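Colleague: One file: model_16.pdb (PDB, C-alpha atoms and all ligand atoms).
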ATOM      1  CA  MET A   1     -19.054  -2.729  12.028  1.00  0.00           C
ATOM      2  CA  GLU A   2     -19.206  -4.473  15.415  1.00  0.00           C
ATOM      3  CA  PRO A   3     -17.135  -2.779  18.200  1.00  0.00           C
ATOM      4  CA  ALA A   4     -15.149  -6.016  18.548  1.00  0.00           C
ATOM      5  CA  GLU A   5     -13.877  -5.509  14.986  1.00  0.00           C
ATOM      6  CA  THR A   6     -12.542  -2.009  15.610  1.00  0.00           C
ATOM      7  CA  THR A   7      -9.740  -0.410  17.574  1.00  0.00           C
ATOM      8  CA  VAL A   8      -8.918   3.180  18.567  1.00  0.00           C
ATOM      9  CA  VAL A   9      -5.551   4.819  17.796  1.00  0.00           C
ATOM     10  CA  ARG A  10      -4.948   8.488  18.761  1.00  0.00           C
ATOM     11  CA  GLY A  11      -8.725   8.853  19.211  1.00  0.00           C
ATOM     12  CA  ILE A  12      -9.515   7.517  15.703  1.00  0.00           C
ATOM     13  CA  LYS A  13     -11.690   4.452  15.183  1.00  0.00           C
ATOM     14  CA  LEU A  14      -9.921   1.975  12.873  1.00  0.00           C
ATOM     15  CA  ARG A  15     -10.500  -1.602  11.783  1.00  0.00           C
ATOM     16  CA  GLY A  16      -8.885  -4.014  14.245  1.00  0.00           C
ATOM     17  CA  GLY A  17      -6.436  -6.733  13.258  1.00  0.00           C
ATOM     18  CA  PRO A  18      -5.542  -8.449  10.981  1.00  0.00           C
ATOM     19  CA  ALA A  19      -4.261 -11.529  12.816  1.00  0.00           C
ATOM     20  CA  ARG A  20      -0.502 -11.948  13.051  1.00  0.00           C
ATOM     21  CA  GLU A  21       1.664 -14.675  14.557  1.00  0.00           C
ATOM     22  CA  ALA A  22       2.961 -14.198  18.098  1.00  0.00           C
ATOM     23  CA  CYS A  23       6.534 -13.592  16.810  1.00  0.00           C
ATOM     24  CA  PHE A  24       5.501 -10.146  15.466  1.00  0.00           C
ATOM     25  CA  VAL A  25       5.491  -6.890  17.403  1.00  0.00           C
ATOM     26  CA  VAL A  26       2.654  -4.873  15.843  1.00  0.00           C
ATOM     27  CA  ALA A  27       3.176  -1.097  15.981  1.00  0.00           C
ATOM     28  CA  GLN A  28       0.199   1.283  16.024  1.00  0.00           C
ATOM     29  CA  VAL A  29       2.118   4.406  14.970  1.00  0.00           C
ATOM     30  CA  HIS A  30       5.462   5.020  13.272  1.00  0.00           C
ATOM     31  CA  THR A  31       7.273   6.046  16.484  1.00  0.00           C
ATOM     32  CA  GLU A  32       7.070   2.336  17.393  1.00  0.00           C
ATOM     33  CA  MET A  33       8.980   1.423  14.187  1.00  0.00           C
ATOM     34  CA  ARG A  34      12.567   1.875  13.001  1.00  0.00           C
ATOM     35  CA  SER A  35      13.067   4.574  10.359  1.00  0.00           C
ATOM     36  CA  ALA A  36      14.775   2.389   7.695  1.00  0.00           C
ATOM     37  CA  ALA A  37      15.878   5.683   6.147  1.00  0.00           C
ATOM     38  CA  ASP A  38      19.284   4.481   4.908  1.00  0.00           C
ATOM     39  CA  MET A  39      20.664   1.457   3.045  1.00  0.00           C
ATOM     40  CA  SER A  40      22.602  -0.092   5.958  1.00  0.00           C
ATOM     41  CA  ASP A  41      22.418  -3.905   6.246  1.00  0.00           C
ATOM     42  CA  LYS A  42      19.929  -3.620   9.107  1.00  0.00           C
ATOM     43  CA  SER A  43      17.728  -1.144   7.210  1.00  0.00           C
ATOM     44  CA  GLN A  44      17.808  -3.377   4.121  1.00  0.00           C
ATOM     45  CA  ARG A  45      16.413  -6.252   6.197  1.00  0.00           C
ATOM     46  CA  ASP A  46      13.915  -3.937   7.909  1.00  0.00           C
ATOM     47  CA  MET A  47      12.653  -2.694   4.518  1.00  0.00           C
ATOM     48  CA  MET A  48      12.282  -6.221   3.167  1.00  0.00           C
ATOM     49  CA  HIS A  49      10.508  -7.290   6.385  1.00  0.00           C
ATOM     50  CA  ARG A  50       8.011  -4.386   6.388  1.00  0.00           C
ATOM     51  CA  GLU A  51       7.402  -4.653   2.625  1.00  0.00           C
ATOM     52  CA  CYS A  52       6.682  -8.369   3.049  1.00  0.00           C
ATOM     53  CA  ASN A  53       4.010  -7.374   5.583  1.00  0.00           C
ATOM     54  CA  GLN A  54       2.726  -4.685   3.183  1.00  0.00           C
ATOM     55  CA  GLU A  55       2.242  -7.321   0.479  1.00  0.00           C
ATOM     56  CA  ILE A  56       0.290  -9.454   2.947  1.00  0.00           C
ATOM     57  CA  LEU A  57      -1.844  -6.410   3.846  1.00  0.00           C
ATOM     58  CA  SER A  58      -2.634  -5.797   0.162  1.00  0.00           C
ATOM     59  CA  LEU A  59      -3.637  -9.453  -0.109  1.00  0.00           C
ATOM     60  CA  GLU A  60      -5.815  -9.202   3.011  1.00  0.00           C
ATOM     61  CA  ILE A  61      -7.493  -5.958   1.893  1.00  0.00           C
ATOM     62  CA  ALA A  62      -8.417  -7.433  -1.519  1.00  0.00           C
ATOM     63  CA  ALA A  63      -9.601 -10.673   0.113  1.00  0.00           C
ATOM     64  CA  GLN A  64     -11.683  -8.778   2.691  1.00  0.00           C
ATOM     65  CA  SER A  65     -13.370  -6.843  -0.139  1.00  0.00           C
ATOM     66  CA  LEU A  66     -14.408 -10.158  -1.698  1.00  0.00           C
ATOM     67  CA  VAL A  67     -15.975 -11.098   1.645  1.00  0.00           C
ATOM     68  CA  ASP A  68     -17.547  -7.709   2.443  1.00  0.00           C
ATOM     69  CA  PHE A  69     -19.065  -7.044  -1.010  1.00  0.00           C
ATOM     70  CA  PRO A  70     -20.391 -10.384  -2.290  1.00  0.00           C
ATOM     71  CA  ASN A  71     -22.715  -8.766  -4.866  1.00  0.00           C
ATOM     72  CA  THR A  72     -19.875  -7.241  -6.886  1.00  0.00           C
ATOM     73  CA  PRO A  73     -19.868  -8.073 -10.644  1.00  0.00           C
ATOM     74  CA  TRP A  74     -18.044 -11.331 -11.338  1.00  0.00           C
ATOM     75  CA  GLU A  75     -15.400  -9.715 -13.569  1.00  0.00           C
ATOM     76  CA  LEU A  76     -14.379  -7.318 -10.795  1.00  0.00           C
ATOM     77  CA  ARG A  77     -14.338 -10.152  -8.231  1.00  0.00           C
ATOM     78  CA  MET A  78     -11.954 -11.998 -10.562  1.00  0.00           C
ATOM     79  CA  HIS A  79      -9.620  -8.971 -10.637  1.00  0.00           C
ATOM     80  CA  LEU A  80      -9.599  -8.898  -6.828  1.00  0.00           C
ATOM     81  CA  ALA A  81      -8.957 -12.652  -6.686  1.00  0.00           C
ATOM     82  CA  ARG A  82      -6.062 -12.331  -9.146  1.00  0.00           C
ATOM     83  CA  GLN A  83      -4.707  -9.483  -7.036  1.00  0.00           C
ATOM     84  CA  CYS A  84      -4.740 -11.817  -3.989  1.00  0.00           C
ATOM     85  CA  TRP A  85      -2.708 -14.330  -5.985  1.00  0.00           C
ATOM     86  CA  ASP A  86      -0.176 -11.646  -7.071  1.00  0.00           C
ATOM     87  CA  GLU A  87       0.211 -10.229  -3.555  1.00  0.00           C
ATOM     88  CA  ALA A  88       0.760 -13.701  -2.086  1.00  0.00           C
ATOM     89  CA  ARG A  89       3.523 -14.265  -4.649  1.00  0.00           C
ATOM     90  CA  HIS A  90       5.049 -10.847  -3.840  1.00  0.00           C
ATOM     91  CA  ALA A  91       5.064 -11.687  -0.114  1.00  0.00           C
ATOM     92  CA  GLN A  92       6.841 -14.986  -0.861  1.00  0.00           C
ATOM     93  CA  LEU A  93       9.464 -13.218  -3.003  1.00  0.00           C
ATOM     94  CA  ARG A  94      10.094 -10.634  -0.265  1.00  0.00           C
ATOM     95  CA  PHE A  95      10.247 -13.258   2.480  1.00  0.00           C
ATOM     96  CA  ARG A  96      12.718 -15.386   0.505  1.00  0.00           C
ATOM     97  CA  ARG A  97      14.930 -12.329  -0.125  1.00  0.00           C
ATOM     98  CA  LEU A  98      14.673 -11.322   3.564  1.00  0.00           C
ATOM     99  CA  LYS A  99      16.031 -14.727   4.576  1.00  0.00           C
ATOM    100  CA  GLU A 100      18.823 -14.503   1.958  1.00  0.00           C
ATOM    101  CA  LEU A 101      19.802 -11.139   3.479  1.00  0.00           C
ATOM    102  CA  GLY A 102      20.074 -12.843   6.890  1.00  0.00           C
ATOM    103  CA  GLY A 103      16.717 -11.647   8.259  1.00  0.00           C
ATOM    104  CA  PHE A 104      13.881 -13.573   9.880  1.00  0.00           C
ATOM    105  CA  LYS A 105      10.165 -13.339  10.597  1.00  0.00           C
ATOM    106  CA  GLY A 106       9.495 -10.993  13.529  1.00  0.00           C
ATOM    107  CA  GLU A 107      12.961  -9.373  13.401  1.00  0.00           C
ATOM    108  CA  PHE A 108      11.413  -5.865  13.246  1.00  0.00           C
ATOM    109  CA  PRO A 109       8.082  -4.308  14.260  1.00  0.00           C
ATOM    110  CA  ILE A 110       5.370  -4.246  11.583  1.00  0.00           C
ATOM    111  CA  ILE A 111       2.494  -1.801  11.124  1.00  0.00           C
ATOM    112  CA  ASN A 112      -0.933  -2.645   9.694  1.00  0.00           C
ATOM    113  CA  GLN A 113      -2.176   0.905   9.170  1.00  0.00           C
ATOM    114  CA  GLU A 114      -3.317   0.435   5.549  1.00  0.00           C
ATOM    115  CA  TRP A 115      -5.616  -2.396   6.540  1.00  0.00           C
ATOM    116  CA  ALA A 116      -6.911  -0.464   9.557  1.00  0.00           C
ATOM    117  CA  VAL A 117      -7.780   2.589   7.464  1.00  0.00           C
ATOM    118  CA  VAL A 118      -8.976   1.028   4.187  1.00  0.00           C
ATOM    119  CA  CYS A 119     -11.117  -1.709   5.726  1.00  0.00           C
ATOM    120  CA  MET A 120     -13.165   0.885   7.660  1.00  0.00           C
ATOM    121  CA  LEU A 121     -14.532   2.147   4.315  1.00  0.00           C
ATOM    122  CA  ASP A 122     -17.986   0.721   3.688  1.00  0.00           C
ATOM    123  CA  SER A 123     -18.127   0.657  -0.124  1.00  0.00           C
ATOM    124  CA  LEU A 124     -16.014  -1.112  -2.727  1.00  0.00           C
ATOM    125  CA  PRO A 125     -15.568   2.016  -4.922  1.00  0.00           C
ATOM    126  CA  ALA A 126     -14.176   3.851  -1.859  1.00  0.00           C
ATOM    127  CA  ARG A 127     -11.758   0.999  -1.093  1.00  0.00           C
ATOM    128  CA  LEU A 128     -10.600   0.770  -4.723  1.00  0.00           C
ATOM    129  CA  ALA A 129     -10.115   4.546  -4.845  1.00  0.00           C
ATOM    130  CA  VAL A 130      -8.061   4.590  -1.647  1.00  0.00           C
ATOM    131  CA  GLN A 131      -6.209   1.265  -1.694  1.00  0.00           C
ATOM    132  CA  ASN A 132      -5.576   0.656  -5.404  1.00  0.00           C
ATOM    133  CA  ARG A 133      -5.879   4.070  -6.979  1.00  0.00           C
ATOM    134  CA  THR A 134      -4.062   5.983  -4.206  1.00  0.00           C
ATOM    135  CA  PHE A 135      -1.861   3.725  -2.043  1.00  0.00           C
ATOM    136  CA  GLU A 136      -0.872   1.202  -4.723  1.00  0.00           C
ATOM    137  CA  ALA A 137      -0.528   3.965  -7.321  1.00  0.00           C
ATOM    138  CA  GLY A 138       1.861   5.606  -4.844  1.00  0.00           C
ATOM    139  CA  SER A 139       3.760   2.320  -4.746  1.00  0.00           C
ATOM    140  CA  LEU A 140       4.378   2.633  -8.519  1.00  0.00           C
ATOM    141  CA  ASP A 141       6.442   5.718  -7.645  1.00  0.00           C
ATOM    142  CA  GLY A 142       7.959   4.114  -4.526  1.00  0.00           C
ATOM    143  CA  LEU A 143       8.925   0.840  -6.230  1.00  0.00           C
ATOM    144  CA  SER A 144      10.690   2.509  -9.132  1.00  0.00           C
ATOM    145  CA  SER A 145      12.775   4.650  -6.782  1.00  0.00           C
ATOM    146  CA  ALA A 146      13.410   1.627  -4.515  1.00  0.00           C
ATOM    147  CA  SER A 147      14.725  -0.410  -7.454  1.00  0.00           C
ATOM    148  CA  ARG A 148      17.181   2.447  -8.201  1.00  0.00           C
ATOM    149  CA  SER A 149      18.364   2.491  -4.561  1.00  0.00           C
ATOM    150  CA  TRP A 150      19.034  -1.272  -4.546  1.00  0.00           C
ATOM    151  CA  ARG A 151      20.791  -1.024  -7.920  1.00  0.00           C
ATOM    152  CA  ASP A 152      22.939   1.839  -6.568  1.00  0.00           C
ATOM    153  CA  ILE A 153      24.301  -0.408  -3.800  1.00  0.00           C
ATOM    154  CA  GLY A 154      24.977  -3.169  -6.388  1.00  0.00           C
ATOM    155  CA  ASP A 155      22.081  -5.457  -5.376  1.00  0.00           C
ATOM    156  CA  THR A 156      20.726  -6.225  -8.849  1.00  0.00           C
ATOM    157  CA  GLN A 157      18.864  -9.284  -7.594  1.00  0.00           C
ATOM    158  CA  THR A 158      16.624  -7.234  -5.273  1.00  0.00           C
ATOM    159  CA  ALA A 159      16.257  -4.460  -7.880  1.00  0.00           C
ATOM    160  CA  GLU A 160      15.015  -6.993 -10.465  1.00  0.00           C
ATOM    161  CA  MET A 161      12.635  -8.569  -7.959  1.00  0.00           C
ATOM    162  CA  ILE A 162      11.131  -5.140  -7.228  1.00  0.00           C
ATOM    163  CA  GLU A 163      10.801  -4.398 -10.950  1.00  0.00           C
ATOM    164  CA  SER A 164       8.887  -7.678 -11.450  1.00  0.00           C
ATOM    165  CA  ILE A 165       6.524  -6.731  -8.591  1.00  0.00           C
ATOM    166  CA  LEU A 166       6.044  -3.282 -10.147  1.00  0.00           C
ATOM    167  CA  VAL A 167       4.704  -4.854 -13.350  1.00  0.00           C
ATOM    168  CA  ASP A 168       1.920  -6.588 -11.366  1.00  0.00           C
ATOM    169  CA  GLU A 169       1.147  -3.420  -9.389  1.00  0.00           C
ATOM    170  CA  ILE A 170       0.393  -1.528 -12.610  1.00  0.00           C
ATOM    171  CA  GLN A 171      -2.448  -3.977 -13.224  1.00  0.00           C
ATOM    172  CA  HIS A 172      -3.840  -3.544  -9.661  1.00  0.00           C
ATOM    173  CA  VAL A 173      -4.067   0.197 -10.226  1.00  0.00           C
ATOM    174  CA  ARG A 174      -5.335  -0.201 -13.781  1.00  0.00           C
ATOM    175  CA  PHE A 175      -8.348  -2.398 -12.988  1.00  0.00           C
ATOM    176  CA  ALA A 176      -9.364  -0.020 -10.190  1.00  0.00           C
ATOM    177  CA  ASN A 177      -9.119   2.973 -12.534  1.00  0.00           C
ATOM    178  CA  ASP A 178     -11.126   1.132 -15.227  1.00  0.00           C
ATOM    179  CA  TRP A 179     -13.851  -0.015 -12.827  1.00  0.00           C
ATOM    180  CA  LEU A 180     -14.146   3.311 -11.032  1.00  0.00           C
ATOM    181  CA  LYS A 181     -14.704   4.999 -14.395  1.00  0.00           C
ATOM    182  CA  ARG A 182     -17.281   2.370 -15.336  1.00  0.00           C
ATOM    183  CA  MET A 183     -19.113   2.518 -12.004  1.00  0.00           C
ATOM    184  CA  THR A 184     -19.236   6.319 -11.805  1.00  0.00           C
ATOM    185  CA  LYS A 185     -20.551   6.503 -15.377  1.00  0.00           C
ATOM    186  CA  GLU A 186     -23.409   4.199 -14.394  1.00  0.00           C
ATOM    187  CA  ASN A 187     -23.994   5.931 -11.057  1.00  0.00           C
ATOM    188  CA  PRO A 188     -22.473   9.436 -10.700  1.00  0.00           C
ATOM    189  CA  ARG A 189     -23.359   9.495  -6.951  1.00  0.00           C
ATOM    190  CA  ILE A 190     -20.418   7.113  -6.445  1.00  0.00           C
ATOM    191  CA  LEU A 191     -18.133  10.089  -7.161  1.00  0.00           C
ATOM    192  CA  LEU A 192     -19.434  11.820  -4.025  1.00  0.00           C
ATOM    193  CA  ASP A 193     -18.901   8.671  -1.967  1.00  0.00           C
ATOM    194  CA  VAL A 194     -15.335   8.321  -3.281  1.00  0.00           C
ATOM    195  CA  ALA A 195     -14.499  12.007  -2.736  1.00  0.00           C
ATOM    196  CA  SER A 196     -15.698  11.911   0.875  1.00  0.00           C
ATOM    197  CA  ALA A 197     -13.790   8.636   1.514  1.00  0.00           C
ATOM    198  CA  ILE A 198     -10.586  10.218   0.200  1.00  0.00           C
ATOM    199  CA  ARG A 199     -11.056  13.313   2.385  1.00  0.00           C
ATOM    200  CA  ARG A 200     -11.724  11.109   5.415  1.00  0.00           C
ATOM    201  CA  VAL A 201      -8.633   8.986   4.788  1.00  0.00           C
ATOM    202  CA  GLU A 202      -6.452  12.083   4.245  1.00  0.00           C
ATOM    203  CA  SER A 203      -7.504  13.478   7.624  1.00  0.00           C
ATOM    204  CA  ILE A 204      -6.880  10.104   9.341  1.00  0.00           C
ATOM    205  CA  ILE A 205      -3.419   9.791   7.768  1.00  0.00           C
ATOM    206  CA  GLU A 206      -2.659  13.355   8.838  1.00  0.00           C
ATOM    207  CA  ALA A 207      -3.717  12.557  12.421  1.00  0.00           C
ATOM    208  CA  LEU A 208      -1.598   9.386  12.509  1.00  0.00           C
ATOM    209  CA  SER A 209       1.470  10.938  10.845  1.00  0.00           C
ATOM    210  CA  PRO A 210       4.588  11.740  12.862  1.00  0.00           C
ATOM    211  CA  ARG A 211       4.646  15.214  14.401  1.00  0.00           C
ATOM    212  CA  LEU A 212       7.677  17.479  14.816  1.00  0.00           C
ATOM    213  CA  GLY A 213       9.978  15.976  17.395  1.00  0.00           C
ATOM    214  CA  ASN A 214       8.592  12.404  17.080  1.00  0.00           C
ATOM    215  CA  MET A 215      11.514   9.960  16.971  1.00  0.00           C
ATOM    216  CA  SER A 216      11.700   6.459  15.483  1.00  0.00           C
ATOM    217  CA  LEU A 217      13.010   3.505  17.521  1.00  0.00           C
ATOM    218  CA  ASP A 218      16.481   4.084  16.041  1.00  0.00           C
ATOM    219  CA  GLY A 219      16.496   7.760  17.061  1.00  0.00           C
ATOM    220  CA  VAL A 220      15.668   9.446  13.737  1.00  0.00           C
ATOM    221  CA  GLU A 221      13.279  12.413  13.675  1.00  0.00           C
ATOM    222  CA  LEU A 222      10.471  10.991  11.546  1.00  0.00           C
ATOM    223  CA  ALA A 223       8.995  14.233  10.232  1.00  0.00           C
ATOM    224  CA  LYS A 224      12.391  15.256   8.854  1.00  0.00           C
ATOM    225  CA  ILE A 225      13.056  12.112   6.777  1.00  0.00           C
ATOM    226  CA  LYS A 226      13.304  13.030   3.098  1.00  0.00           C
ATOM    227  CA  ARG A 227      12.524  10.120   0.795  1.00  0.00           C
ATOM    228  CA  ASP A 228      13.572  10.728  -2.778  1.00  0.00           C
ATOM    229  CA  VAL A 229      10.463   9.473  -4.599  1.00  0.00           C
ATOM    230  CA  ALA A 230       9.530  10.932  -7.983  1.00  0.00           C
ATOM    231  CA  ALA A 231       6.269  10.367  -9.878  1.00  0.00           C
ATOM    232  CA  ASN A 232       6.586   7.334 -12.155  1.00  0.00           C
ATOM    233  CA  VAL A 233       4.898   8.947 -15.145  1.00  0.00           C
ATOM    234  CA  ASP A 234       5.154   6.054 -17.647  1.00  0.00           C
ATOM    235  CA  ASP A 235       3.785   3.410 -15.286  1.00  0.00           C
ATOM    236  CA  ARG A 236       1.029   5.709 -13.986  1.00  0.00           C
ATOM    237  CA  ARG A 237      -0.010   6.281 -17.596  1.00  0.00           C
ATOM    238  CA  ALA A 238       0.020   2.503 -18.211  1.00  0.00           C
ATOM    239  CA  ALA A 239      -2.129   2.147 -15.069  1.00  0.00           C
ATOM    240  CA  GLY A 240      -4.855   4.340 -16.557  1.00  0.00           C
ATOM    241  CA  PHE A 241      -4.112   7.814 -15.192  1.00  0.00           C
ATOM    242  CA  THR A 242      -4.980  10.556 -17.674  1.00  0.00           C
ATOM    243  CA  ASP A 243      -2.516  13.252 -18.786  1.00  0.00           C
ATOM    244  CA  GLU A 244      -4.418  15.802 -16.654  1.00  0.00           C
ATOM    245  CA  GLU A 245      -4.198  13.584 -13.552  1.00  0.00           C
ATOM    246  CA  ILE A 246      -0.461  13.049 -14.107  1.00  0.00           C
ATOM    247  CA  ALA A 247       0.051  16.797 -14.592  1.00  0.00           C
ATOM    248  CA  GLU A 248      -1.714  17.377 -11.252  1.00  0.00           C
ATOM    249  CA  ILE A 249       0.533  14.808  -9.520  1.00  0.00           C
ATOM    250  CA  LEU A 250       3.624  16.530 -10.962  1.00  0.00           C
ATOM    251  CA  ARG A 251       2.309  19.930  -9.823  1.00  0.00           C
ATOM    252  CA  LYS A 252       1.856  18.596  -6.260  1.00  0.00           C
ATOM    253  CA  GLU A 253       5.339  17.054  -6.379  1.00  0.00           C
ATOM    254  CA  SER A 254       6.974  20.328  -7.409  1.00  0.00           C
ATOM    255  CA  ARG A 255       5.242  22.068  -4.470  1.00  0.00           C
TER     256      ARG A 255
HETATM  257 FE    FE B   1       2.180  -6.270  -4.252  1.00  0.00          FE
HETATM  258 FE    FE B   2      -0.814  -4.609  -5.396  1.00  0.00          FE
END
Reformat the file's structure so that it appears as structure tokens.
Modeller:
Amino acid sequence: MEPAETTVVRGIKLRGGPAREACFVVAQVHTEMRSAADMSDKSQRDMMHRECNQEILSLEIAAQSLVDFPNTPWELRMHLARQCWDEARHAQLRFRRLKELGGFKGEFPIINQEWAVVCMLDSLPARLAVQNRTFEAGSLDGLSSASRSWRDIGDTQTAEMIESILVDEIQHVRFANDWLKRMTKENPRILLDVASAIRRVESIIEALSPRLGNMSLDGVELAKIKRDVAANVDDRRAAGFTDEEIAEILRKESR
């Protein structure tokens, strides 16, 4: 990767960009963001605003993989292209809801960390393992708990929107699981590549994570925020995780 395409955050080389309009303040680390740890009106808009950006990042990551790996089998390229279409629709849904809640583009800082980390990986199996099979699989858990939170405050409209997005996300995780199995069966060395990519990403995330005493813009200690997210067993199973993998996720959760 050319130096012009990279950036350095806390001493770690990451992919630079993606481009954003001038109205956005782009944070590099979470201390430059609000916490959005409650369901106040402002946090509701902040969540919708940052999730809208997350959808755009998922779109950009899938699109960049189409550009970076042109020799990928056609069927897999079609899955990535369909993912771009889904993520664009998700971003539109979030943006529309943000405006209905009284928010606007650029109202809160955004962070492009997923793009910066995932797009440094130099193989498609590594990107699928990290982006789809790890981050988006995590969103299956996050989205189901988010829909409960919105329902709890009586906002059925947002809860239903999130549930419709969740259905698409299952497919994004599923095709990655299917193709990773297929590719590693054909070439077992890919497993090594994927395992080292996951280790590398874990250490980067650790280095970028809030440390004790780090405060958000709204004065909340970031390392102490407890988000009530439980493993979404049914949807993970539908997304191609095996019973053993789900048992391992539940073991980690109980720790
Ligand atoms: Fe999405
Ligand atoms: Fe997705």
Colleague: Pick the closest to Leu59 (chain A) from A:Glu100, A:Glu163, A:Asp46, A:Glu136: which is it, counting all atoms listed in the file?
Modeller: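 Checking each of A:Glu100, A:Glu163, A:Asp46, A:Glu136 against Leu59 (chain A), counting all atoms listed in the file, the winner is A:Glu136.
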Colleague: Counting all atoms listed in the file, I want the residues whose atoms come within 8 Å of (7.1, 11.9, 12.7) in the file frame, returned as a PyMOL selection string.
Modeller: chain A and resi 30-31+209-216+221-224
Colleague: Quick one: residues within 12 Å of ligand FE 1 (chain B), with all atoms listed in the file, as an NGL selection string?
Modeller: :A and (51-62 or 82-94 or 131-132 or 135-140 or 142-143 or 161-173)
Colleague: Report as number ranges by chain the residues that result from applying the PyMOL selection byres (((chain A and resi 37-45) around 7) and not hetatm) to the structure here.
Modeller: A: 35-36, 46-49, 98, 101, 103
Colleague: Name the residues that the PyMOL selection byres (((chain A and resi 19) around 12) and not hetatm) picks from the file above, as a list in words, using the file's chain letters and numbers.
Modeller: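 Taken on the displayed file, the PyMOL selection byres (((chain A and resi 19) around 12) and not hetatm) yields the residues Glu5, Arg15, Gly16, Gly17, Pro18, Arg20, Glu21, Ala22, Cys23, Phe24, Val25, Val26, Asn53, Ile56, Leu57, Glu60, Ile111, Asn112, Trp115 and Ala116 of chain A.
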Colleague: Which of these residues is nearest to ligand FE 2 (chain B), using all atoms listed in the file: A:Asp152, A:Lys105, A:Ile110, A:Leu128?
Modeller: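 When distances to ligand FE 2 (chain B) are compared using all atoms listed in the file, the smallest one comes from A:Leu128.
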Colleague: So how many Å separate CA of Val118 (chain A) and CA of Ile205 (chain A), to one decimal?
Modeller: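 For CA of Val118 (chain A) relative to CA of Ile205 (chain A), the distance reads 11.0 Å.
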Colleague: Do you know which residues lie at most 12 Å from (-13.9, 5.1, 4.4), with coordinates as in the file and all atoms listed in the file counted, and could you write them as a PyMOL selection string?
Modeller: chain A and resi 13-15+114-131+193-205
Colleague: May I ask for the distance between CA of Val229 (chain A) and CA of Glu32 (chain A), given in Å to one decimal place?
Modeller: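 One can read the CA of Val229 (chain A) to CA of Glu32 (chain A) distance as 23.4 Å.
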Colleague: Excluding Glu75 (chain A) and residues on its chain fewer than 3 positions from it, collect all residues at most 12 Å away from it, counting all atoms listed in the file, and give them as a ChimeraX atom specification.
Modeller: /A:66,71-72,78-82,175-176,178-179
Colleague: What is the distance, in Å and to one decimal place, between CA of Arg174 (chain A) and CA of Arg227 (chain A)?
Modeller: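 Between CA of Arg174 (chain A) and CA of Arg227 (chain A) the gap works out to 25.3 Å.
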Colleague: Running the PyMOL selection byres (((chain A and resi 246-252) around 10) and not hetatm) on this model by hand, what would come out? Give it as a list of chain:residue names.
Modeller: A:Ala230, A:Ala231, A:Asn232, A:Val233, A:Asp234, A:Arg236, A:Arg237, A:Phe241, A:Thr242, A:Asp243, A:Glu244, A:Glu245, A:Glu253, A:Ser254, A:Arg255
Colleague: Which is closer to Val29 (chain A) than all the others in A:Thr6, A:Thr156, A:Gln113, A:Ser147, using only C-alpha atoms?
Modeller: A:Gln113
Colleague: For each of A:Met33, A:Ala239, A:Ala159, A:Ile190, take the minimum atom-to-atom distance to ligand FE 2 (chain B), counting all atoms listed in the file, then give the residue where this is smallest.
Modeller: A:Ala239
Colleague: Find the residue from A:Gly106, A:Thr134, A:Met183, A:Arg189 that sits nearest to ligand FE 2 (chain B); use only C-alpha atoms and all ligand atoms when measuring.
Modeller: A:Thr134
Colleague: How big is the axis-aligned box around the listed atoms of region 95-109 of chain A once 8 Å is added on each side, and where is its centre? Give both in Å to one decimal, as AutoDock Vina command-line options.
Modeller:
--center_x 14.1 --center_y -9.8 --center_z 7.1 --size_x 28.0 --size_y 27.1 --size_z 30.4
